[in-house]
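As stored in structure30.cif (mmCIF, C-alpha atoms):
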data_run
loop_
_atom_site.group_PDB
_atom_site.id
_atom_site.type_symbol
_atom_site.label_atom_id
_atom_site.label_comp_id
_atom_site.auth_asym_id
_atom_site.auth_seq_id
_atom_site.Cartn_x
_atom_site.Cartn_y
_atom_site.Cartn_z
ATOM 1 C CA MET B 1 -12.440 -15.465 -10.520
ATOM 2 C CA SER B 2 -9.291 -15.808 -8.451
ATOM 3 C CA GLN B 3 -8.959 -12.062 -8.001
ATOM 4 C CA ALA B 4 -11.575 -12.396 -5.281
ATOM 5 C CA LEU B 5 -9.888 -12.553 -1.898
ATOM 6 C CA GLU B 6 -13.451 -12.909 -0.653
ATOM 7 C CA PRO B 7 -12.859 -16.276 1.096
ATOM 8 C CA PHE B 8 -10.052 -14.678 3.119
ATOM 9 C CA VAL B 9 -12.126 -11.811 4.559
ATOM 10 C CA ASP B 10 -12.409 -11.804 8.380
ATOM 11 C CA LYS B 11 -9.793 -14.546 8.546
ATOM 12 C CA LEU B 12 -6.201 -14.484 9.702
ATOM 13 C CA VAL B 13 -3.916 -13.929 6.732
ATOM 14 C CA SER B 14 -0.176 -14.069 6.286
ATOM 15 C CA CYS B 15 1.249 -11.464 3.894
ATOM 16 C CA LEU B 16 4.660 -11.452 2.283
ATOM 17 C CA THR B 17 5.685 -8.029 1.028
ATOM 18 C CA ASN B 18 8.083 -7.090 -1.770
ATOM 19 C CA ASP B 19 10.721 -5.932 0.698
ATOM 20 C CA GLY B 20 10.747 -9.339 2.402
ATOM 21 C CA ARG B 21 8.593 -8.591 5.447
ATOM 22 C CA HIS B 22 6.056 -10.976 6.930
ATOM 23 C CA ILE B 23 2.851 -9.386 8.244
ATOM 24 C CA VAL B 24 0.027 -11.344 9.871
ATOM 25 C CA GLY B 25 -3.417 -9.868 10.527
ATOM 26 C CA THR B 26 -7.184 -10.205 10.074
ATOM 27 C CA LEU B 27 -8.198 -9.245 6.554
ATOM 28 C CA ARG B 28 -11.046 -6.772 6.661
ATOM 29 C CA GLY B 29 -11.060 -5.479 3.123
ATOM 30 C CA PHE B 30 -9.420 -5.520 -0.285
ATOM 31 C CA ASP B 31 -9.858 -4.079 -3.755
ATOM 32 C CA GLN B 32 -8.992 -4.843 -7.404
ATOM 33 C CA CYS B 33 -5.443 -3.565 -6.905
ATOM 34 C CA VAL B 34 -5.075 -5.995 -3.977
ATOM 35 C CA ASN B 35 -4.720 -3.125 -1.496
ATOM 36 C CA LEU B 36 -5.512 -4.686 1.898
ATOM 37 C CA VAL B 37 -6.984 -3.565 5.192
ATOM 38 C CA LEU B 38 -5.572 -5.649 8.042
ATOM 39 C CA GLU B 39 -6.788 -5.463 11.623
ATOM 40 C CA GLU B 40 -4.603 -6.311 14.647
ATOM 41 C CA SER B 41 -1.648 -6.811 12.390
ATOM 42 C CA GLN B 42 1.787 -7.782 13.578
ATOM 43 C CA GLU B 43 5.083 -8.099 11.804
ATOM 44 C CA ARG B 44 7.044 -11.298 12.440
ATOM 45 C CA VAL B 45 10.755 -10.642 12.199
ATOM 46 C CA TYR B 46 12.905 -13.697 11.444
ATOM 47 C CA SER B 47 16.609 -13.931 12.112
ATOM 48 C CA ALA B 48 19.436 -16.405 11.595
ATOM 49 C CA THR B 49 20.687 -15.815 15.133
ATOM 50 C CA ALA B 50 17.627 -15.208 17.317
ATOM 51 C CA GLY B 51 14.040 -16.532 17.475
ATOM 52 C CA VAL B 52 11.017 -14.864 15.898
ATOM 53 C CA GLU B 53 10.163 -11.385 17.127
ATOM 54 C CA GLU B 54 6.578 -10.092 16.885
ATOM 55 C CA VAL B 55 5.995 -6.356 16.494
ATOM 56 C CA ALA B 56 2.420 -5.122 16.994
ATOM 57 C CA LEU B 57 1.229 -2.741 14.271
ATOM 58 C CA GLY B 58 -2.532 -2.341 14.766
ATOM 59 C CA LEU B 59 -4.830 -1.353 11.889
ATOM 60 C CA TYR B 60 -2.890 -1.293 8.633
ATOM 61 C CA ILE B 61 -3.502 -0.626 4.962
ATOM 62 C CA ILE B 62 -0.996 -2.363 2.713
ATOM 63 C CA ARG B 63 -0.727 -1.068 -0.836
ATOM 64 C CA GLY B 64 -1.195 -3.841 -3.403
ATOM 65 C CA ASP B 65 1.935 -2.802 -5.377
ATOM 66 C CA ASN B 66 3.989 -4.075 -2.486
ATOM 67 C CA LEU B 67 2.383 -7.451 -1.946
ATOM 68 C CA ALA B 68 3.814 -10.763 -3.109
ATOM 69 C CA VAL B 69 1.779 -13.474 -1.370
ATOM 70 C CA ILE B 70 -1.369 -13.498 0.756
ATOM 71 C CA GLY B 71 -1.872 -16.780 2.568
ATOM 72 C CA LEU B 72 -4.849 -18.039 4.546
ATOM 73 C CA VAL B 73 -3.539 -19.063 7.970
ATOM 74 C CA ASP B 74 -4.721 -22.256 9.593
ATOM 75 C CA GLU B 75 -5.236 -20.904 13.125
ATOM 76 C CA ALA B 76 -4.579 -24.215 14.875
ATOM 77 C CA ALA B 77 -1.326 -24.774 12.985
ATOM 78 C CA ASP B 78 -0.324 -21.178 13.664
ATOM 79 C CA ALA B 79 -0.990 -21.501 17.400
ATOM 80 C CA ALA B 80 1.248 -24.594 17.461
ATOM 81 C CA LEU B 81 3.893 -22.761 15.433
ATOM 82 C CA GLN B 82 3.878 -19.835 17.878
ATOM 83 C CA GLN B 83 5.021 -22.193 20.630
ATOM 84 C CA THR B 84 8.187 -22.840 18.639
ATOM 85 C CA PHE B 85 8.988 -19.199 17.783
ATOM 86 C CA SER B 86 12.034 -18.980 20.027
ATOM 87 C CA ASP B 87 13.549 -21.953 18.188
ATOM 88 C CA ILE B 88 13.045 -20.801 14.612
ATOM 89 C CA ARG B 89 16.223 -19.635 12.910
ATOM 90 C CA CYS B 90 15.993 -18.492 9.362
ATOM 91 C CA GLU B 91 17.537 -16.001 6.959
ATOM 92 C CA PRO B 92 15.161 -13.108 6.311
ATOM 93 C CA LEU B 93 13.303 -13.328 2.994
ATOM 94 C CA LYS B 94 14.909 -11.776 -0.025
ATOM 95 C CA PRO B 95 13.305 -8.663 -1.517
ATOM 96 C CA ILE B 96 11.509 -9.077 -4.844
ATOM 97 C CA ALA B 97 13.984 -8.441 -7.643
ATOM 98 C CA HIS B 98 12.399 -7.478 -10.943
ATOM 99 C CA SER B 99 15.325 -8.422 -13.156
ATOM 100 C CA MET L 100 -5.461 -12.738 -22.792
ATOM 101 C CA LEU L 101 -3.744 -15.756 -24.321
ATOM 102 C CA PHE L 102 -1.926 -16.826 -21.195
ATOM 103 C CA TYR L 103 -4.976 -16.106 -19.063
ATOM 104 C CA SER L 104 -6.898 -18.620 -21.215
ATOM 105 C CA PHE L 105 -3.962 -21.004 -21.071
ATOM 106 C CA PHE L 106 -3.859 -20.916 -17.271
ATOM 107 C CA LYS L 107 -7.623 -21.430 -17.107
ATOM 108 C CA THR L 108 -7.077 -24.805 -18.798
ATOM 109 C CA LEU L 109 -4.647 -25.710 -16.019
ATOM 110 C CA VAL L 110 -7.024 -25.102 -13.092
ATOM 111 C CA ASN L 111 -7.022 -28.078 -10.671
ATOM 112 C CA LYS L 112 -3.622 -29.228 -11.897
ATOM 113 C CA ASP L 113 -0.534 -29.386 -9.673
ATOM 114 C CA VAL L 114 2.017 -26.698 -10.337
ATOM 115 C CA VAL L 115 5.152 -25.266 -8.720
ATOM 116 C CA VAL L 116 5.427 -21.490 -8.642
ATOM 117 C CA GLU L 117 8.868 -19.909 -8.304
ATOM 118 C CA LEU L 118 8.751 -16.305 -7.114
ATOM 119 C CA LYS L 119 11.198 -13.486 -7.768
ATOM 120 C CA ASN L 120 12.398 -13.713 -4.160
ATOM 121 C CA ASP L 121 13.401 -17.353 -4.861
ATOM 122 C CA ILE L 122 10.572 -18.897 -2.813
ATOM 123 C CA MET L 123 9.103 -22.044 -4.394
ATOM 124 C CA ILE L 124 5.476 -22.884 -3.655
ATOM 125 C CA SER L 125 3.968 -26.113 -4.874
ATOM 126 C CA GLY L 126 0.213 -26.606 -4.919
ATOM 127 C CA THR L 127 -2.964 -27.083 -6.898
ATOM 128 C CA LEU L 128 -3.965 -24.200 -9.158
ATOM 129 C CA ALA L 129 -7.354 -23.028 -7.902
ATOM 130 C CA GLY L 130 -7.776 -19.955 -10.038
ATOM 131 C CA VAL L 131 -6.241 -17.274 -12.229
ATOM 132 C CA ASP L 132 -7.231 -13.771 -13.328
ATOM 133 C CA GLN L 133 -6.425 -11.281 -16.086
ATOM 134 C CA PHE L 134 -3.276 -10.104 -14.259
ATOM 135 C CA LEU L 135 -2.133 -13.740 -14.020
ATOM 136 C CA ASN L 136 -2.505 -13.546 -10.222
ATOM 137 C CA LEU L 137 -2.674 -17.176 -9.056
ATOM 138 C CA LYS L 138 -4.673 -18.865 -6.338
ATOM 139 C CA LEU L 139 -3.063 -22.024 -5.014
ATOM 140 C CA GLU L 140 -4.465 -24.656 -2.659
ATOM 141 C CA ASN L 141 -2.874 -27.323 -0.440
ATOM 142 C CA ILE L 142 0.454 -25.602 -0.733
ATOM 143 C CA VAL L 143 3.802 -27.061 0.238
ATOM 144 C CA VAL L 144 6.857 -24.890 0.897
ATOM 145 C CA ASN L 145 10.352 -25.637 2.160
ATOM 146 C CA GLU L 146 9.862 -24.939 5.890
ATOM 147 C CA GLU L 147 13.505 -24.172 6.517
ATOM 148 C CA LYS L 148 13.669 -21.546 3.788
ATOM 149 C CA CYS L 149 10.161 -20.191 4.265
ATOM 150 C CA PRO L 150 8.727 -20.740 7.754
ATOM 151 C CA GLN L 151 6.506 -17.721 7.054
ATOM 152 C CA LEU L 152 4.133 -19.928 5.050
ATOM 153 C CA ALA L 153 4.376 -22.983 7.318
ATOM 154 C CA SER L 154 0.790 -22.683 8.623
ATOM 155 C CA VAL L 155 -0.717 -21.646 5.290
ATOM 156 C CA LYS L 156 -2.758 -24.108 3.200
ATOM 157 C CA SER L 157 -4.188 -21.812 0.573
ATOM 158 C CA CYS L 158 -2.738 -18.606 -0.871
ATOM 159 C CA PHE L 159 -3.017 -15.842 -3.434
ATOM 160 C CA VAL L 160 0.126 -15.003 -5.405
ATOM 161 C CA ARG L 161 0.384 -11.667 -7.176
ATOM 162 C CA GLY L 162 1.178 -12.139 -10.865
ATOM 163 C CA SER L 163 3.906 -9.500 -10.821
ATOM 164 C CA VAL L 164 6.093 -11.508 -8.447
ATOM 165 C CA VAL L 165 6.059 -14.796 -10.324
ATOM 166 C CA ARG L 166 9.305 -15.779 -12.034
ATOM 167 C CA TYR L 167 8.319 -19.283 -13.252
ATOM 168 C CA VAL L 168 5.333 -21.586 -13.155
ATOM 169 C CA GLN L 169 6.438 -25.210 -13.491
ATOM 170 C CA LEU L 170 3.825 -27.332 -15.245
ATOM 171 C CA PRO L 171 3.421 -31.054 -15.838
ATOM 172 C CA ALA L 172 4.496 -31.675 -19.441
ATOM 173 C CA THR L 173 1.600 -34.031 -20.030
ATOM 174 C CA GLU L 174 -0.922 -31.243 -19.383
ATOM 175 C CA VAL L 175 0.346 -28.876 -22.049
ATOM 176 C CA GLU L 176 -0.265 -29.308 -25.754
ATOM 177 C CA THR L 177 2.937 -27.582 -26.778
ATOM 178 C CA ASP L 178 2.163 -27.510 -30.525
ATOM 179 C CA LEU L 179 -1.188 -25.835 -29.980
ATOM 180 C CA LEU L 180 0.385 -23.347 -27.599
ATOM 181 C CA GLN L 181 3.125 -22.496 -30.106
ATOM 182 C CA ASP L 182 0.568 -21.976 -32.885
ATOM 183 C CA ALA L 183 -1.640 -19.824 -30.688
ATOM 184 C CA THR L 184 1.335 -17.700 -29.611
ATOM 185 C CA ARG L 185 2.460 -17.151 -33.182
ATOM 186 C CA LYS L 186 -1.065 -16.154 -34.201
ATOM 187 C CA GLU L 187 -1.413 -13.796 -31.256
ATOM 188 C CA HIS L 188 1.930 -12.211 -32.126
ATOM 189 C CA SER L 189 1.038 -11.657 -35.769
ATOM 190 C CA ASN L 190 -2.335 -10.192 -34.701
ATOM 191 C CA GLN L 191 -0.516 -7.797 -32.405
ATOM 192 C CA VAL L 192 1.913 -6.767 -35.150
ATOM 193 C CA ALA L 193 -1.000 -6.212 -37.554
ATOM 194 C CA ALA L 194 -2.888 -4.152 -34.963
ATOM 195 C CA ALA L 195 0.229 -2.057 -34.327
ATOM 196 C CA GLU L 196 0.657 -1.459 -38.065
ATOM 197 C CA LYS L 197 -2.952 -0.306 -38.316
ATOM 198 C CA THR L 198 -2.636 2.268 -35.565
ATOM 199 C CA LYS L 199 0.585 3.793 -37.014
#

Represent the supplied structure as structure tokens.
Amino acid sequence: MSQALEPFVDKLVSCLTNDGRHIVGTLRGFDQCVNLVLEESQERVYSATAGVEEVALGLYIIRGDNLAVIGLVDEAADAALQQTFSDIRCEPLKPIAHS
Amino acid sequence: MLFYSFFKTLVNKDVVVELKNDIMISGTLAGVDQFLNLKLENIVVNEEKCPQLASVKSCFVRGSVVRYVQLPATEVETDLLQDATRKEHSNQVAAAEKTK
């Protein structure tokens, strides 16, 4: 049953929200509506002109309505990626458009 | 429930999911649920367009944000799918008539 985010609990997850934000944190809990509890979360802000900025958020609940993708982060790959943050240039993600 | 059953037949096949924010994620379909939420494994994204998912191998995609799911033509029995869809539609129309 793919609804179970069970394998992601207590792991670092990468969440893309409907408004185009990228939030990374440790998944502590979830429910059927895909509401999430994230510990030690941080938003990663991407820009076409400057490197990646990390904003610390702390303990967050994200409402499932607003979630697009929840990815399981490979911690080693992420650590390597963090070294390159100042070099990453990218347009911010588009918001979800229900057309 | 028709498309839920249809997606269940495609588990372990390679698909490309296009989201409503134009992100394309290609991967192996690991699971699906009644809301057509998808679980994908061994995903590949365009790292220039979507560095956010660069270190992600496995993900959960909410059904409501999917625009398209691209499937290998060889894995779909189109005739059967068409027949099933027509049947489902006429069942729905009949059920609607009954409740009027």

What gap, in Å, lies between atom CA of Gly58 of chain B and atom CA of Asp87 of chain B?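 A separation of 25.6 Å between them.
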
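Near (-8.7, -22.8, 5.9), the residues inside the 12 Å limit, counting all atoms listed in the file, come to Pro7, Phe8, Val9, Asp10, Lys11, Leu12, Val13, Gly71, Leu72, Val73, Asp74, Glu75, Ala76, Ala77 and Asp78 of chain B; Glu140, Asn141, Ile142, Ser154, Val155, Lys156, Ser157 and Cys158 of chain L.
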
Output C-alpha atoms of each residue in that selection to a file, as a compact mmCIF listing (two decimals), keeping the file's coordinate frame.
# COMPACT_ATOMS: atom_id res chain seq x y z
CA PRO B 7 -12.86 -16.28 1.10
CA PHE B 8 -10.05 -14.68 3.12
CA VAL B 9 -12.13 -11.81 4.56
CA ASP B 10 -12.41 -11.80 8.38
CA LYS B 11 -9.79 -14.55 8.55
CA LEU B 12 -6.20 -14.48 9.70
CA VAL B 13 -3.92 -13.93 6.73
CA GLY B 71 -1.87 -16.78 2.57
CA LEU B 72 -4.85 -18.04 4.55
CA VAL B 73 -3.54 -19.06 7.97
CA ASP B 74 -4.72 -22.26 9.59
CA GLU B 75 -5.24 -20.90 13.12
CA ALA B 76 -4.58 -24.22 14.88
CA ALA B 77 -1.33 -24.77 12.98
CA ASP B 78 -0.32 -21.18 13.66
CA GLU L 140 -4.46 -24.66 -2.66
CA ASN L 141 -2.87 -27.32 -0.44
CA ILE L 142 0.45 -25.60 -0.73
CA SER L 154 0.79 -22.68 8.62
CA VAL L 155 -0.72 -21.65 5.29
CA LYS L 156 -2.76 -24.11 3.20
CA SER L 157 -4.19 -21.81 0.57
CA CYS L 158 -2.74 -18.61 -0.87

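The spacing separating atom CA of Gly29 of chain B from atom CA of Leu67 of chain B amounts to 14.5 Å.
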
Excluding Lys119 of chain L and any residue of its chain fewer than 5 positions from it, enumerate the residues within 7 Å of it, using all atoms listed in the file, and give them as a list of chain:residue names.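 So, after excluding close chain neighbours, the residues are B:Ile96, B:Ala97, B:His98, L:Val164, L:Val165, L:Arg166.
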
As a VMD selection string, could you give me every residue of chain L near chain B (at most 9 Å apart, counting only C-alpha atoms)? chain L and resid 118 to 122 129 to 134 136 to 138 147 to 166

Apply the PyMOL selection byres ((chain B and resi 86) around 10) to the file shown and report the selected residues as a count of residues only. 11

Interatomic distance (Å, one decimal) between atom CA of Asn190 of chain L and atom CA of Phe105 of chain L: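 The value is 17.5 Å.
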
Closest of L:Leu139, L:Ala172, L:Leu109, L:Ala193 to Ser125 of chain L, counting all atoms listed in the file, is L:Leu139

Check what the PyMOL selection byres ((chain L and resi 168) around 9) selects in the file above and give those residues as a PyMOL selection string. chain L and resi 114-118+165-167+169-170

Around segment 139-153 of chain L, fit a box with edges along x, y and z, padding it by 5 Å on each side, then list its centre and edge lengths in Å to one decimal as AutoDock Vina command-line options.
--center_x 4.6 --center_y -22.5 --center_z 1.4 --size_x 28.1 --size_y 19.6 --size_z 22.8

Completion of segment 71-82 of chain B up to all heavy atoms, as a PDB file, keeping the file's coordinate frame:
ATOM      1  N   GLY B  71      -1.538 -15.393   2.244  1.00  0.00           N
ATOM      2  CA  GLY B  71      -1.872 -16.780   2.568  1.00  0.00           C
ATOM      3  C   GLY B  71      -2.945 -16.854   3.640  1.00  0.00           C
ATOM      4  O   GLY B  71      -2.964 -16.044   4.559  1.00  0.00           O
ATOM      5  N   LEU B  72      -3.825 -17.824   3.532  1.00  0.00           N
ATOM      6  CA  LEU B  72      -4.849 -18.039   4.546  1.00  0.00           C
ATOM      7  C   LEU B  72      -4.229 -18.892   5.643  1.00  0.00           C
ATOM      8  O   LEU B  72      -3.776 -20.008   5.379  1.00  0.00           O
ATOM      9  CB  LEU B  72      -6.047 -18.752   3.919  1.00  0.00           C
ATOM     10  CG  LEU B  72      -7.271 -18.921   4.807  1.00  0.00           C
ATOM     11  CD1 LEU B  72      -7.815 -17.564   5.206  1.00  0.00           C
ATOM     12  CD2 LEU B  72      -8.343 -19.712   4.068  1.00  0.00           C
ATOM     13  N   VAL B  73      -4.201 -18.349   6.879  1.00  0.00           N
ATOM     14  CA  VAL B  73      -3.539 -19.063   7.970  1.00  0.00           C
ATOM     15  C   VAL B  73      -4.479 -20.040   8.637  1.00  0.00           C
ATOM     16  O   VAL B  73      -5.610 -19.701   8.960  1.00  0.00           O
ATOM     17  CB  VAL B  73      -3.031 -18.048   9.030  1.00  0.00           C
ATOM     18  CG1 VAL B  73      -2.435 -18.765  10.222  1.00  0.00           C
ATOM     19  CG2 VAL B  73      -2.011 -17.117   8.421  1.00  0.00           C
ATOM     20  N   ASP B  74      -3.983 -21.242   8.849  1.00  0.00           N
ATOM     21  CA  ASP B  74      -4.721 -22.256   9.593  1.00  0.00           C
ATOM     22  C   ASP B  74      -4.458 -21.947  11.058  1.00  0.00           C
ATOM     23  O   ASP B  74      -3.341 -22.142  11.551  1.00  0.00           O
ATOM     24  CB  ASP B  74      -4.158 -23.633   9.189  1.00  0.00           C
ATOM     25  CG  ASP B  74      -4.753 -24.757  10.000  1.00  0.00           C
ATOM     26  OD1 ASP B  74      -5.235 -24.541  11.121  1.00  0.00           O
ATOM     27  OD2 ASP B  74      -4.717 -25.896   9.502  1.00  0.00           O
ATOM     28  N   GLU B  75      -5.471 -21.434  11.774  1.00  0.00           N
ATOM     29  CA  GLU B  75      -5.236 -20.904  13.125  1.00  0.00           C
ATOM     30  C   GLU B  75      -4.663 -21.929  14.102  1.00  0.00           C
ATOM     31  O   GLU B  75      -3.817 -21.589  14.929  1.00  0.00           O
ATOM     32  CB  GLU B  75      -6.542 -20.320  13.686  1.00  0.00           C
ATOM     33  CG  GLU B  75      -7.216 -19.367  12.706  1.00  0.00           C
ATOM     34  CD  GLU B  75      -7.613 -18.015  13.305  1.00  0.00           C
ATOM     35  OE1 GLU B  75      -7.258 -17.758  14.462  1.00  0.00           O
ATOM     36  OE2 GLU B  75      -8.257 -17.246  12.595  1.00  0.00           O
ATOM     37  N   ALA B  76      -5.089 -23.174  13.964  1.00  0.00           N
ATOM     38  CA  ALA B  76      -4.579 -24.215  14.875  1.00  0.00           C
ATOM     39  C   ALA B  76      -3.097 -24.439  14.618  1.00  0.00           C
ATOM     40  O   ALA B  76      -2.278 -24.485  15.548  1.00  0.00           O
ATOM     41  CB  ALA B  76      -5.362 -25.504  14.672  1.00  0.00           C
ATOM     42  N   ALA B  77      -2.735 -24.552  13.343  1.00  0.00           N
ATOM     43  CA  ALA B  77      -1.326 -24.774  12.985  1.00  0.00           C
ATOM     44  C   ALA B  77      -0.492 -23.572  13.418  1.00  0.00           C
ATOM     45  O   ALA B  77       0.646 -23.720  13.878  1.00  0.00           O
ATOM     46  CB  ALA B  77      -1.200 -25.000  11.479  1.00  0.00           C
ATOM     47  N   ASP B  78      -1.072 -22.378  13.298  1.00  0.00           N
ATOM     48  CA  ASP B  78      -0.324 -21.178  13.664  1.00  0.00           C
ATOM     49  C   ASP B  78      -0.105 -21.112  15.167  1.00  0.00           C
ATOM     50  O   ASP B  78       0.966 -20.718  15.625  1.00  0.00           O
ATOM     51  CB  ASP B  78      -1.077 -19.927  13.178  1.00  0.00           C
ATOM     52  CG  ASP B  78      -0.187 -18.713  13.198  1.00  0.00           C
ATOM     53  OD1 ASP B  78       0.885 -18.782  12.558  1.00  0.00           O
ATOM     54  OD2 ASP B  78      -0.527 -17.718  13.850  1.00  0.00           O
ATOM     55  N   ALA B  79      -1.121 -21.505  15.940  1.00  0.00           N
ATOM     56  CA  ALA B  79      -0.990 -21.501  17.400  1.00  0.00           C
ATOM     57  C   ALA B  79       0.138 -22.448  17.813  1.00  0.00           C
ATOM     58  O   ALA B  79       0.965 -22.114  18.666  1.00  0.00           O
ATOM     59  CB  ALA B  79      -2.304 -21.905  18.040  1.00  0.00           C
ATOM     60  N   ALA B  80       0.186 -23.618  17.172  1.00  0.00           N
ATOM     61  CA  ALA B  80       1.248 -24.594  17.461  1.00  0.00           C
ATOM     62  C   ALA B  80       2.600 -24.021  17.073  1.00  0.00           C
ATOM     63  O   ALA B  80       3.589 -24.158  17.796  1.00  0.00           O
ATOM     64  CB  ALA B  80       0.972 -25.892  16.711  1.00  0.00           C
ATOM     65  N   LEU B  81       2.646 -23.341  15.928  1.00  0.00           N
ATOM     66  CA  LEU B  81       3.893 -22.761  15.433  1.00  0.00           C
ATOM     67  C   LEU B  81       4.404 -21.703  16.397  1.00  0.00           C
ATOM     68  O   LEU B  81       5.604 -21.583  16.639  1.00  0.00           O
ATOM     69  CB  LEU B  81       3.632 -22.138  14.058  1.00  0.00           C
ATOM     70  CG  LEU B  81       4.856 -21.704  13.278  1.00  0.00           C
ATOM     71  CD1 LEU B  81       5.670 -22.923  12.872  1.00  0.00           C
ATOM     72  CD2 LEU B  81       4.446 -20.932  12.036  1.00  0.00           C
ATOM     73  N   GLN B  82       3.479 -20.910  16.970  1.00  0.00           N
ATOM     74  CA  GLN B  82       3.878 -19.835  17.878  1.00  0.00           C
ATOM     75  C   GLN B  82       4.627 -20.356  19.090  1.00  0.00           C
ATOM     76  O   GLN B  82       5.478 -19.672  19.640  1.00  0.00           O
ATOM     77  CB  GLN B  82       2.648 -19.034  18.311  1.00  0.00           C
ATOM     78  CG  GLN B  82       2.073 -18.230  17.167  1.00  0.00           C
ATOM     79  CD  GLN B  82       1.094 -17.167  17.628  1.00  0.00           C
ATOM     80  OE1 GLN B  82       1.080 -16.809  18.799  1.00  0.00           O
ATOM     81  NE2 GLN B  82       0.299 -16.663  16.715  1.00  0.00           N
TER      82      GLN B  82
END
